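my_file.cif, holding mmCIF, C-alpha atoms:
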```cif
data_target
#
loop_
_atom_site.label_atom_id
_atom_site.label_comp_id
_atom_site.auth_asym_id
_atom_site.auth_seq_id
_atom_site.Cartn_x
_atom_site.Cartn_y
_atom_site.Cartn_z
CA MET A 26 0.00 0.00 0.00
CA PHE A 27 1.22 3.51 -0.75
CA TYR A 28 -0.23 7.02 -0.56
CA PHE A 29 -1.23 9.56 -3.18
CA SER A 30 1.10 12.11 -1.54
CA GLU A 31 3.96 9.85 -2.63
CA LEU A 32 2.75 9.91 -6.24
CA LYS A 33 1.68 13.49 -6.82
CA ASN A 34 4.09 15.36 -9.10
CA LYS A 35 6.01 12.19 -9.98
CA LYS A 36 7.48 12.18 -13.48
CA VAL A 37 5.57 10.23 -16.09
CA ILE A 38 7.76 8.77 -18.81
CA THR A 39 7.46 6.15 -21.53
CA GLN A 40 9.59 3.00 -21.58
CA ASN A 41 11.97 4.69 -23.98
CA ASP A 42 12.46 7.54 -21.43
CA THR A 43 10.33 10.09 -23.25
CA TYR A 44 9.12 12.65 -20.72
CA ILE A 45 5.32 13.13 -20.79
CA GLY A 46 4.77 15.31 -17.74
CA ASN A 47 4.00 15.05 -14.01
CA LEU A 48 1.08 13.28 -12.33
CA THR A 49 -1.46 15.74 -10.86
CA ASP A 50 -4.54 13.65 -10.13
CA ILE A 51 -6.00 10.14 -10.26
CA ILE A 52 -9.49 9.10 -11.36
CA PHE A 53 -11.21 6.06 -9.89
CA LEU A 54 -14.57 4.32 -10.05
CA ALA A 55 -16.94 5.38 -7.26
CA SER A 56 -18.14 1.92 -6.26
CA GLU A 57 -17.72 -0.77 -3.61
CA ALA A 58 -14.51 -1.74 -5.45
CA PRO A 59 -12.98 1.67 -6.24
CA ILE A 60 -10.66 0.68 -9.04
CA ILE A 61 -8.35 3.34 -10.48
CA THR A 62 -9.27 3.98 -14.09
CA LYS A 63 -7.22 6.96 -15.27
CA ILE A 64 -4.36 9.29 -14.40
CA ILE A 65 -4.14 13.02 -15.07
CA ILE A 66 -0.82 14.47 -16.21
CA LYS A 67 0.34 18.05 -16.55
CA THR A 68 2.62 18.26 -19.57
CA SER A 69 5.64 20.52 -20.00
CA ASN A 70 3.48 23.09 -21.80
CA LYS A 71 1.08 23.19 -18.76
CA LYS A 72 -1.63 21.25 -20.58
CA LYS A 73 -3.50 18.54 -18.65
CA ILE A 74 -4.11 15.19 -20.34
CA ILE A 75 -5.97 12.07 -19.20
CA ILE A 76 -4.52 8.60 -19.84
CA PRO A 77 -6.30 5.30 -19.04
CA ILE A 78 -4.64 3.26 -16.29
CA GLU A 79 -4.11 0.26 -18.58
CA PHE A 80 -1.25 2.14 -20.21
CA VAL A 81 0.58 2.44 -16.86
CA GLN A 82 3.22 -0.29 -16.74
CA ARG A 83 5.01 0.43 -13.49
CA ILE A 84 4.85 2.86 -10.56
CA ASP A 85 8.17 3.35 -8.79
CA LYS A 86 10.45 6.37 -8.53
CA VAL A 87 8.83 7.43 -11.77
CA ILE A 88 5.63 6.35 -13.50
CA ASN A 89 6.28 4.33 -16.63
CA ILE A 90 3.64 4.17 -19.33
CA SER A 91 3.42 2.42 -22.65
CA PRO A 92 4.77 4.37 -25.66
CA GLU A 93 1.47 3.54 -27.40
CA TYR A 94 -0.57 5.38 -24.77
CA LYS A 95 -3.83 7.10 -25.71
CA ILE A 96 -5.27 10.37 -24.50
CA ILE A 97 -8.98 10.57 -23.68
CA GLU A 98 -11.19 13.59 -23.05
CA ASN A 99 -12.92 13.19 -19.66
CA GLY A 100 -13.81 10.87 -16.83
CA GLN A 101 -17.24 9.26 -16.52
CA GLU A 102 -20.11 10.45 -14.31
CA ASN A 103 -19.62 7.54 -11.89
CA GLU A 104 -15.98 8.42 -11.25
CA LEU A 105 -14.24 10.44 -8.56
CA TYR A 106 -11.02 12.45 -8.67
CA ILE A 107 -8.62 12.13 -5.73
CA VAL A 108 -7.63 15.81 -5.68
CA LYS A 109 -10.88 17.27 -6.97
CA ASN A 110 -13.28 15.23 -4.83
CA LEU A 111 -11.41 13.65 -1.90
CA LEU A 112 -8.14 15.27 -0.87
CA ASP A 113 -8.57 17.99 1.76
CA LYS A 114 -12.35 17.58 1.44
CA GLN A 115 -14.83 16.68 4.14
CA ILE A 116 -16.38 13.23 3.93
CA ILE A 117 -18.70 11.19 6.11
CA ASP A 118 -17.16 8.64 8.44
CA VAL A 119 -20.18 6.33 8.40
CA LYS A 120 -18.83 4.00 11.06
CA GLY A 121 -17.99 6.85 13.44
CA GLY A 122 -21.06 8.86 12.48
CA LYS A 123 -19.19 12.11 11.92
CA VAL A 124 -17.73 14.41 9.29
CA VAL A 125 -13.93 14.21 8.84
CA ARG A 126 -11.32 15.75 6.54
CA VAL A 127 -9.18 13.71 4.15
CA ASN A 128 -5.44 14.36 4.53
CA ASP A 129 -4.21 11.62 2.19
CA VAL A 130 -5.54 8.75 0.07
CA ALA A 131 -4.25 5.17 0.25
CA ILE A 132 -3.73 3.14 -2.93
CA GLN A 133 -3.30 -0.62 -3.16
CA TYR A 134 -2.04 -2.78 -6.01
CA LYS A 135 -3.54 -6.27 -6.37
CA ASP A 136 -1.23 -8.59 -8.27
CA ASP A 137 -3.89 -11.22 -8.88
CA LYS A 138 -6.00 -8.68 -10.77
CA ASN A 139 -3.17 -6.48 -12.05
CA LYS A 140 -5.15 -3.41 -10.95
CA TYR A 141 -4.82 -0.45 -8.60
CA TYR A 142 -7.55 0.35 -6.05
CA ILE A 143 -8.37 3.07 -3.55
CA SER A 144 -8.23 1.26 -0.22
CA GLY A 145 -9.10 4.15 2.09
CA VAL A 146 -8.12 7.57 3.42
CA ASP A 147 -5.83 8.95 6.12
CA ILE A 148 -7.59 11.56 8.28
CA GLY A 149 -4.84 11.94 10.89
CA ILE A 150 -1.80 14.16 11.49
CA ARG A 151 0.43 11.61 9.75
CA GLY A 152 -1.35 12.39 6.50
CA ILE A 153 -0.53 16.09 6.86
CA LEU A 154 3.11 15.40 7.80
CA ARG A 155 3.44 13.10 4.81
CA TRP A 156 2.30 15.85 2.44
CA ILE A 157 4.78 18.42 3.71
CA GLY A 158 7.61 15.87 3.76
CA LEU A 159 8.07 15.79 7.55
CA GLU A 160 6.71 12.34 8.38
CA LYS A 161 10.12 10.63 8.49
CA PHE A 162 11.56 13.44 10.63
CA ALA A 163 8.62 13.49 13.03
CA LEU A 164 8.48 9.75 13.78
CA PRO A 165 11.79 9.60 15.72
CA PHE A 166 10.62 12.60 17.73
CA TYR A 167 7.39 10.78 18.56
CA ARG A 168 9.31 7.70 19.67
CA LEU A 169 11.61 9.83 21.84
CA LEU A 170 8.55 11.15 23.65
CA GLY A 171 7.04 7.68 23.93
CA ILE A 172 4.24 8.53 21.54
CA TYR A 173 3.23 5.83 19.09
CA SER A 174 1.75 7.54 16.05
CA HIS A 175 -0.14 5.52 13.46
CA PRO A 176 -1.93 6.72 10.34
CA HIS A 177 -5.56 7.45 11.23
CA PHE A 178 -6.84 5.24 8.46
CA LEU A 179 -10.44 4.76 7.34
CA SER A 180 -11.10 1.98 4.88
CA TRP A 181 -13.12 2.73 1.76
CA GLY A 182 -16.03 0.73 3.16
CA ASP A 183 -16.31 3.05 6.17
CA ILE A 184 -16.58 6.38 4.35
CA GLU A 185 -19.13 8.13 2.18
CA PRO A 186 -17.70 10.63 -0.32
CA ILE A 187 -20.92 12.22 -1.52
CA GLU A 188 -20.04 14.65 -4.26
CA LEU A 189 -19.12 13.23 -7.64
CA SER A 190 -17.30 15.14 -10.32
CA SER A 191 -20.42 15.30 -12.49
CA GLY A 192 -22.59 16.56 -9.64
CA LYS A 193 -24.44 13.26 -9.28
CA VAL A 194 -24.33 10.92 -6.34
CA LYS A 195 -24.47 7.21 -5.68
CA LEU A 196 -24.50 6.27 -2.03
CA LYS A 197 -22.43 3.23 -1.04
CA LYS A 198 -23.99 3.00 2.39
CA SER A 199 -27.58 2.63 3.51
CA ILE A 200 -29.61 5.68 4.41
CA GLU A 201 -30.12 4.18 7.88
CA GLU A 202 -26.41 4.57 8.59
CA LEU A 203 -26.47 8.24 7.63
CA GLU A 204 -29.53 8.79 9.81
CA ARG A 205 -27.43 7.84 12.84
CA MET A 206 -25.41 11.03 12.38
CA ARG A 207 -26.16 14.27 14.17
CA PRO A 208 -28.42 16.32 11.85
CA GLU A 209 -26.38 19.49 12.34
CA ASP A 210 -23.12 17.70 11.41
CA LEU A 211 -24.69 16.25 8.29
CA ALA A 212 -26.14 19.65 7.36
CA ILE A 213 -22.70 21.28 7.61
CA TYR A 214 -21.30 18.70 5.23
CA LEU A 215 -24.21 18.86 2.78
CA GLU A 216 -23.82 22.63 2.45
CA LYS A 217 -20.37 21.98 0.95
CA THR A 218 -21.85 19.94 -1.89
CA ASN A 219 -24.37 20.92 -4.55
CA ILE A 220 -28.14 21.02 -4.30
CA ARG A 221 -28.63 17.96 -6.53
CA ASN A 222 -26.64 15.82 -4.09
CA VAL A 223 -28.51 17.25 -1.10
CA ASP A 224 -31.80 16.49 -2.84
CA LYS A 225 -30.69 12.92 -3.62
CA ILE A 226 -29.81 12.21 0.00
CA ILE A 227 -32.56 14.00 1.94
CA THR A 228 -35.28 12.57 -0.30
CA ASN A 229 -34.47 9.13 1.11
CA PHE A 230 -34.56 10.13 4.78
CA GLU A 231 -37.47 9.55 7.11
CA ASP A 232 -39.57 12.73 7.28
CA LYS A 233 -38.58 13.60 10.87
CA PHE A 234 -34.84 13.22 10.25
CA ALA A 235 -35.15 15.06 6.92
CA ALA A 236 -36.82 17.96 8.75
CA ASP A 237 -34.07 18.00 11.40
CA VAL A 238 -31.37 18.21 8.72
CA ILE A 239 -33.24 20.83 6.68
CA SER A 240 -33.74 23.03 9.74
CA ASP A 241 -29.94 23.20 10.10
CA LEU A 242 -29.32 24.13 6.45
CA ASN A 243 -29.08 27.74 5.37
CA VAL A 244 -32.22 29.28 3.92
CA ASN A 245 -30.98 29.11 0.32
CA TYR A 246 -30.65 25.33 0.53
CA GLN A 247 -33.97 25.06 2.36
CA THR A 248 -35.93 26.93 -0.28
CA SER A 249 -34.11 25.20 -3.15
CA LEU A 250 -35.05 21.81 -1.71
CA PHE A 251 -38.70 22.80 -1.26
CA LYS A 252 -38.79 23.94 -4.87
CA ARG A 253 -37.46 20.55 -5.97
CA PHE A 254 -39.51 18.31 -3.66
CA PRO A 255 -43.08 17.32 -4.55
CA SER A 256 -45.70 19.11 -2.46
CA GLU A 257 -46.62 15.90 -0.63
CA LYS A 258 -43.04 15.53 0.61
CA ASN A 259 -42.89 19.22 1.57
CA ALA A 260 -46.10 18.93 3.57
CA LYS A 261 -44.76 15.99 5.58
CA ILE A 262 -41.56 17.90 6.38
CA ILE A 263 -43.50 21.04 7.34
CA GLU A 264 -45.32 19.03 10.03
CA HIS A 265 -41.95 18.38 11.72
CA LEU A 266 -40.49 21.90 11.41
CA ASP A 267 -40.95 24.74 13.86
CA PRO A 268 -43.73 26.96 12.45
CA ASP A 269 -41.47 30.02 12.30
CA GLU A 270 -38.86 28.06 10.30
CA ALA A 271 -41.58 26.71 8.02
CA VAL A 272 -42.84 30.26 7.36
CA ASP A 273 -39.35 31.46 6.36
CA ILE A 274 -39.18 28.70 3.76
CA LEU A 275 -42.75 29.02 2.50
CA LEU A 276 -42.50 32.77 2.00
CA ALA A 277 -39.63 32.19 -0.43
CA LEU A 278 -41.88 30.03 -2.63
CA THR A 279 -44.48 31.17 -5.12
CA LYS A 280 -47.95 31.74 -3.72
CA GLU A 281 -49.27 28.83 -5.80
CA LYS A 282 -46.64 26.42 -4.50
CA ARG A 283 -47.15 27.63 -0.93
CA GLU A 284 -50.93 27.15 -1.07
CA GLU A 285 -50.53 23.73 -2.62
CA ILE A 286 -48.32 22.64 0.27
CA LEU A 287 -50.50 24.17 2.99
CA ASN A 288 -53.58 22.41 1.63
CA LEU A 289 -51.82 19.13 2.44
CA VAL A 290 -50.82 19.82 6.07
CA SER A 291 -52.98 19.37 9.15
CA GLU A 292 -55.53 22.05 10.01
CA LYS A 293 -53.68 22.93 13.22
CA THR A 294 -50.38 23.46 11.39
CA ARG A 295 -52.08 25.39 8.59
CA LYS A 296 -53.74 27.83 11.01
CA GLU A 297 -50.49 28.40 12.89
CA ILE A 298 -48.57 29.08 9.69
CA TYR A 299 -51.18 31.43 8.25
CA LYS A 300 -51.08 33.38 11.52
CA LEU A 301 -47.29 33.70 11.36
CA ILE A 302 -47.42 34.70 7.69
CA LYS A 303 -49.78 37.50 8.67
CA TYR A 304 -47.38 38.60 11.42
CA SER A 305 -44.42 38.48 9.02
CA LYS A 306 -45.77 41.55 7.22
CA THR A 307 -45.13 43.66 10.33
CA LEU A 308 -41.85 45.19 11.56
CA ILE A 309 -41.08 42.49 14.11
CA GLY A 310 -43.30 39.68 12.88
CA GLU A 311 -40.75 37.94 10.65
CA LEU A 312 -38.66 37.13 13.74
CA ILE A 313 -41.46 35.79 15.93
CA ASN A 314 -40.99 32.36 17.48
CA SER A 315 -44.34 30.85 18.39
CA LYS A 316 -42.86 28.11 20.58
CA PHE A 317 -42.88 29.49 24.12
CA ILE A 318 -44.02 28.19 27.51
CA THR A 319 -46.91 29.64 29.49
CA ILE A 320 -48.43 28.76 32.84
CA SER A 321 -51.44 30.17 34.68
CA ALA A 322 -51.31 32.83 37.38
CA ASP A 323 -53.61 30.53 39.38
CA ASP A 324 -51.10 27.65 39.29
CA THR A 325 -49.00 26.58 42.21
CA VAL A 326 -45.29 25.84 41.75
CA GLY A 327 -46.10 22.10 41.74
CA SER A 328 -48.71 22.30 38.98
CA ALA A 329 -46.55 24.75 37.02
CA ILE A 330 -43.62 22.31 37.04
CA VAL A 331 -45.88 19.60 35.62
CA LYS A 332 -47.01 21.95 32.84
CA PHE A 333 -43.40 22.93 32.14
CA LYS A 334 -42.37 19.27 31.74
CA ASN A 335 -45.25 18.62 29.34
CA LYS A 336 -44.53 21.69 27.20
CA ILE A 337 -40.73 21.69 27.11
CA THR A 338 -40.53 19.08 24.32
CA ASN A 339 -42.43 21.41 21.99
CA SER A 340 -40.41 24.52 22.79
CA HIS A 341 -36.82 25.36 21.84
CA PHE A 342 -36.74 28.27 24.28
CA SER A 343 -37.18 27.73 28.01
CA ALA A 344 -35.16 30.56 29.55
CA TYR A 345 -38.36 32.29 30.57
CA ILE A 346 -41.75 30.97 31.63
CA TYR A 347 -44.57 33.39 30.89
CA VAL A 348 -47.61 33.73 33.12
CA VAL A 349 -51.11 34.41 31.73
CA ASN A 350 -54.48 35.00 33.38
CA LYS A 351 -57.84 33.39 32.58
CA ASN A 352 -58.21 35.62 29.51
CA GLU A 353 -54.80 34.50 28.19
CA GLU A 354 -53.40 37.97 28.84
CA LEU A 355 -49.70 38.23 29.78
CA VAL A 356 -49.41 39.20 33.44
CA GLY A 357 -46.00 37.97 34.56
CA VAL A 358 -42.76 36.12 33.91
CA LEU A 359 -40.26 33.99 35.82
CA ASN A 360 -37.34 31.72 35.02
CA LEU A 361 -36.87 28.02 35.73
CA SER A 362 -34.56 28.50 38.71
CA GLU A 363 -37.15 30.72 40.38
CA LEU A 364 -39.74 28.01 39.81
CA ILE A 365 -37.90 24.92 41.06
CA THR A 366 -36.42 26.54 44.18
CA LYS A 367 -39.78 27.37 45.72
CA PRO A 368 -42.07 25.02 47.72
CA HIS A 369 -44.64 23.20 45.55
CA ASN A 370 -47.61 24.85 47.26
CA THR A 371 -46.35 28.38 46.49
CA PRO A 372 -48.84 30.34 44.30
CA ILE A 373 -47.28 31.47 41.04
CA HIS A 374 -48.71 34.99 41.28
CA THR A 375 -46.65 35.56 44.45
CA ILE A 376 -43.26 34.86 42.82
CA MET A 377 -43.69 36.10 39.26
CA LYS A 378 -42.34 39.44 38.03
CA GLN A 379 -45.34 41.55 37.08
CA ASN A 380 -43.72 44.37 35.12
CA VAL A 381 -42.94 42.39 32.00
CA VAL A 382 -40.84 44.10 29.32
CA VAL A 383 -42.74 43.59 26.07
CA ILE A 384 -42.76 44.61 22.41
CA HIS A 385 -45.49 44.77 19.76
CA LEU A 386 -45.68 43.75 16.12
CA THR A 387 -45.07 47.37 15.16
CA THR A 388 -42.00 47.80 17.41
CA PRO A 389 -38.90 48.66 15.33
CA LYS A 390 -36.15 46.07 15.58
CA GLU A 391 -33.69 48.70 16.82
CA ILE A 392 -35.96 49.45 19.79
CA ALA A 393 -36.33 45.75 20.52
CA ILE A 394 -32.56 45.19 20.62
CA LYS A 395 -32.13 48.23 22.87
CA LYS A 396 -34.65 46.76 25.31
CA LEU A 397 -32.78 43.47 25.35
CA PHE A 398 -29.52 45.22 26.20
CA ARG A 399 -31.04 47.65 28.68
CA TYR A 400 -32.84 44.99 30.73
CA LYS A 401 -30.26 42.22 30.12
CA LEU A 402 -32.82 39.84 28.63
CA TYR A 403 -32.49 36.83 26.32
CA ALA A 404 -35.93 37.27 24.73
CA LEU A 405 -38.89 39.62 24.56
CA PRO A 406 -42.56 38.59 24.53
CA VAL A 407 -44.62 39.99 21.64
CA ILE A 408 -48.14 41.01 22.57
CA GLU A 409 -51.16 42.30 20.70
CA ASP A 410 -53.20 45.33 21.77
CA ASN A 411 -55.44 43.11 23.89
CA GLN A 412 -52.36 42.03 25.92
CA LYS A 413 -52.49 38.51 24.56
CA MET A 414 -49.07 37.02 23.93
CA ILE A 415 -48.47 35.80 20.38
CA GLY A 416 -44.79 34.86 20.47
CA ILE A 417 -41.27 35.76 21.48
CA VAL A 418 -38.30 37.34 19.74
CA THR A 419 -34.92 36.10 20.93
CA TYR A 420 -31.67 37.99 21.24
CA ASP A 421 -29.96 35.60 18.78
CA ASP A 422 -32.62 36.11 16.09
CA LEU A 423 -32.59 39.89 16.44
CA VAL A 424 -28.81 40.20 16.31
CA GLU A 425 -28.55 37.80 13.36
CA ASP A 426 -31.19 39.76 11.46
CA ILE A 427 -29.49 43.11 12.10
CA ILE A 428 -26.05 41.75 11.09
CA GLU A 429 -27.43 40.26 7.87
CA LYS A 430 -28.78 43.66 6.86
CA LEU A 431 -25.57 45.59 7.56
#
```
Take the structure in the file and give it back as structure tokens.
Amino acid sequence: MFYFSELKNKKVITQNDTYIGNLTDIIFLASEAPIITKIIIKTSNKKKIIIPIEFVQRIDKVINISPEYKIIENGQENELYIVKNLLDKQIIDVKGGKVVRVNDVAIQYKDDKNKYYISGVDIGIRGILRWIGLEKFALPFYRLLGIYSHPHFLSWGDIEPIELSSGKVKLKKSIEELERMRPEDLAIYLEKTNIRNVDKIITNFEDKFAADVISDLNVNYQTSLFKRFPSEKNAKIIEHLDPDEAVDILLALTKEKREEILNLVSEKTRKEIYKLIKYSKTLIGELINSKFITISADDTVGSAIVKFKNKITNSHFSAYIYVVNKNEELVGVLNLSELITKPHNTPIHTIMKQNVVVIHLTTPKEIAIKKLFRYKLYALPVIEDNQKMIGIVTYDDLVEDIIEKL
């Protein structure tokens, strides 16, 4: 076994010592048996040529090829390039369930088949040292310190290089294995590939996991996917997204597409989304998060804790617990520490803060951010004129929105 770092820039000559150029890249079949199919050479006049691997006769200090070699135009759509698609790129370590970076690529020659194969990748520090020519110098230093350094090697069967040179994708592993990854890690990786590959992968996920991944993608990828997906698929994903996230995506679609999707979701989800779309036309409405926790002013600490436990799974924000009266009007606020440190028979109205700092749908964003800073808050409740609470706006969302518009 040898590494691509040991081959790159090697001289390529014919058997009669005619100089062709230097090796710059290797093309291989993206399959369970990733056989090397072609080499790419930069000639003396800086032109790049592709030569099929069958013309390579020996790889040693130099690369010898047959004098009768042929030049072809391009690779095939089911082929990967080591430099273009693997080296220094992020890939999925399916076995470890994480995204890693490729520092070198291992190549193996099989005598019985007279073929070269990609056997795996090195994702460790040894791969970096090998590239900069310091591996041999570093190893004695490691031994002196009692450190035993081995290449951090992942076999080809344990990785998933998603992006192909042609922009298409053929997964080697089952979707179930990818679904064991953290959605946010997978989203970070997918954003480095193209939308066709993202579409290919997410289409095969279970609806809940697909929604989790989509919620971590940037809005451009989100809207592009919804434009590509059939409305039935979009509707199923919408049911698993936070309503405020769903609104951001839906508003980027045409009205016809949006209505088509909303006609396929549940009545509860449809009403919530239509309400948020209405709010989005106001100054602060586009930032409203409708997932917040309320308890009653008539509750005791014990009953409030039960309500909190039941509602926390449906809310991504639990820094504040808002208190409403029988008319659903906002009358107070407290945080979790204030709740759990009091005896269970303590009435909520005796421990809540009554002077709640609020904003309205017409409140300018600059005023909202000033209130957050002035009162050292993480979020502000948004109320209507009748004092009913309709959502919250968080510090993170406000700051992100202001920065994006700078």
Atom-to-atom span, CA of Lys332 (chain A) and CA of Leu266 (chain A), Å: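 According to the coordinates, CA of Lys332 (chain A) and CA of Leu266 (chain A) are separated by 22.4 Å.
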Resolved residues for the PyMOL selection byres ((chain A and resi 145) around 9) as a list in words: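 So the PyMOL selection byres ((chain A and resi 145) around 9), applied here, picks out Asp129, Val130, Ala131, Ile132, Ile143, Ser144, Val146, Asp147, Phe178, Leu179, Ser180, Trp181, Gly182, Asp183 and Ile184 of chain A.
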Spatial neighbours of Glu231 (chain A), 10 Å, all atoms listed in the file, chain gap at least 2 places, as a list in words: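 Non-adjacent residues within range: Ile200, Glu201, Glu204, Ile227, Thr228, Asn229, Lys233, Phe234, Ala235, Ala236, Lys261 and Ile262 of chain A.
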Convert the current residue selection to file output with C-alpha atoms, as a PDB file, keeping the file's coordinate frame.
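Result went into out.pdb, see below:
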```
ATOM      1  CA  ILE A 200     -29.610   5.680   4.410  1.00  0.00           C
ATOM      2  CA  GLU A 201     -30.120   4.180   7.880  1.00  0.00           C
ATOM      3  CA  GLU A 204     -29.530   8.790   9.810  1.00  0.00           C
ATOM      4  CA  ILE A 227     -32.560  14.000   1.940  1.00  0.00           C
ATOM      5  CA  THR A 228     -35.280  12.570  -0.300  1.00  0.00           C
ATOM      6  CA  ASN A 229     -34.470   9.130   1.110  1.00  0.00           C
ATOM      7  CA  LYS A 233     -38.580  13.600  10.870  1.00  0.00           C
ATOM      8  CA  PHE A 234     -34.840  13.220  10.250  1.00  0.00           C
ATOM      9  CA  ALA A 235     -35.150  15.060   6.920  1.00  0.00           C
ATOM     10  CA  ALA A 236     -36.820  17.960   8.750  1.00  0.00           C
ATOM     11  CA  LYS A 261     -44.760  15.990   5.580  1.00  0.00           C
ATOM     12  CA  ILE A 262     -41.560  17.900   6.380  1.00  0.00           C
TER      13      ILE A 262
END
```
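This file, queried with the PyMOL selection byres ((chain A and resi 256) around 10), gives the residues Phe251, Lys252, Arg253, Phe254, Pro255, Glu257, Lys258, Asn259, Ala260, Lys261, Ile262, Lys282, Arg283, Glu284, Glu285, Ile286, Leu287, Asn288, Leu289 and Val290 of chain A.
Closest approach to Lys95 (chain A) among A:Ile51, A:Ile107, A:Leu423, A:Ile64 is made by A:Ile64 (distances from only C-alpha atoms).
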Between CA of Ile318 (chain A) and CA of His265 (chain A) - distance in Å to one decimal: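 About the pair CA of His265 (chain A) and CA of Ile318 (chain A): they are 18.7 Å apart.
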Residue list as an MDAnalysis selection string for point (-12.4, 11.8, -7.9), cut-off 7 Å, only C-alpha atoms: chainID A and resid 52:53 104:111 189:190
Non-local contacts of Asp241 (chain A) (8 Å; all atoms listed in the file; under 2 positions in same chain excluded) as a list in words: Pro208, Glu209, Ala212, Ile213, Asp237, Val238, Ile239 and Asn243 of chain A
Atomic separation - CA of Asp273 (chain A) relative to CA of Leu312 (chain A), Å: 9.3 Å
Who sits within 6 Å of region 112-116 of chain A, all atoms listed in the file, same chain under 4 positions skipped, as JSON, numbers by chain: {"A": [107, 108, 124, 125, 126, 127, 128, 186]}
Residue subset to file, keeping C-alpha atoms, as a PDB file, keeping the file's coordinate frame:
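As a result, again_5.pdb now contains:
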```pdb
ATOM      1  CA  ILE A 107      -8.620  12.130  -5.730  1.00  0.00           C
ATOM      2  CA  VAL A 108      -7.630  15.810  -5.680  1.00  0.00           C
ATOM      3  CA  VAL A 124     -17.730  14.410   9.290  1.00  0.00           C
ATOM      4  CA  VAL A 125     -13.930  14.210   8.840  1.00  0.00           C
ATOM      5  CA  ARG A 126     -11.320  15.750   6.540  1.00  0.00           C
ATOM      6  CA  VAL A 127      -9.180  13.710   4.150  1.00  0.00           C
ATOM      7  CA  ASN A 128      -5.440  14.360   4.530  1.00  0.00           C
ATOM      8  CA  PRO A 186     -17.700  10.630  -0.320  1.00  0.00           C
TER       9      PRO A 186
END
```
Test item: the PyMOL selection byres ((chain A and resi 304) around 12) resolved as a PDB file with C-alpha atoms, in the frame of the given file:
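expr-v8.pdb, freshly written:
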```pdb
ATOM      1  CA  ASP A 269     -41.470  30.020  12.300  1.00  0.00           C
ATOM      2  CA  VAL A 272     -42.840  30.260   7.360  1.00  0.00           C
ATOM      3  CA  ASP A 273     -39.350  31.460   6.360  1.00  0.00           C
ATOM      4  CA  GLU A 297     -50.490  28.400  12.890  1.00  0.00           C
ATOM      5  CA  ILE A 298     -48.570  29.080   9.690  1.00  0.00           C
ATOM      6  CA  TYR A 299     -51.180  31.430   8.250  1.00  0.00           C
ATOM      7  CA  LYS A 300     -51.080  33.380  11.520  1.00  0.00           C
ATOM      8  CA  LEU A 301     -47.290  33.700  11.360  1.00  0.00           C
ATOM      9  CA  ILE A 302     -47.420  34.700   7.690  1.00  0.00           C
ATOM     10  CA  LYS A 303     -49.780  37.500   8.670  1.00  0.00           C
ATOM     11  CA  SER A 305     -44.420  38.480   9.020  1.00  0.00           C
ATOM     12  CA  LYS A 306     -45.770  41.550   7.220  1.00  0.00           C
ATOM     13  CA  THR A 307     -45.130  43.660  10.330  1.00  0.00           C
ATOM     14  CA  LEU A 308     -41.850  45.190  11.560  1.00  0.00           C
ATOM     15  CA  ILE A 309     -41.080  42.490  14.110  1.00  0.00           C
ATOM     16  CA  GLY A 310     -43.300  39.680  12.880  1.00  0.00           C
ATOM     17  CA  GLU A 311     -40.750  37.940  10.650  1.00  0.00           C
ATOM     18  CA  LEU A 312     -38.660  37.130  13.740  1.00  0.00           C
ATOM     19  CA  ILE A 313     -41.460  35.790  15.930  1.00  0.00           C
ATOM     20  CA  ASN A 314     -40.990  32.360  17.480  1.00  0.00           C
ATOM     21  CA  SER A 315     -44.340  30.850  18.390  1.00  0.00           C
ATOM     22  CA  HIS A 385     -45.490  44.770  19.760  1.00  0.00           C
ATOM     23  CA  LEU A 386     -45.680  43.750  16.120  1.00  0.00           C
ATOM     24  CA  THR A 387     -45.070  47.370  15.160  1.00  0.00           C
ATOM     25  CA  VAL A 407     -44.620  39.990  21.640  1.00  0.00           C
ATOM     26  CA  ILE A 408     -48.140  41.010  22.570  1.00  0.00           C
ATOM     27  CA  GLU A 409     -51.160  42.300  20.700  1.00  0.00           C
ATOM     28  CA  ILE A 415     -48.470  35.800  20.380  1.00  0.00           C
ATOM     29  CA  GLY A 416     -44.790  34.860  20.470  1.00  0.00           C
TER      30      GLY A 416
END
```
Proximity to Lys367 (chain A) - best of A:Lys36, A:Arg207, A:Ala329, A:Tyr134, only C-alpha atoms: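 Residue with the minimum atom-to-atom distance to Lys367 (chain A): A:Ala329.
When all atoms listed in the file are used to compute distances to Ile97 (chain A), the closest of the residues A:Thr366, A:Thr371, A:Gln40, A:Thr62 turns out to be A:Thr62.
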Pick from A:Met414, A:Leu215, A:Ile263, A:Val244 nearest to Ala277 (chain A), counting only C-alpha atoms: A:Val244
Residue with smallest distance to Phe333 (chain A) - pool A:Asn139, A:Ser291, A:Ser91, A:Ser321, counting only C-alpha atoms: A:Ser321
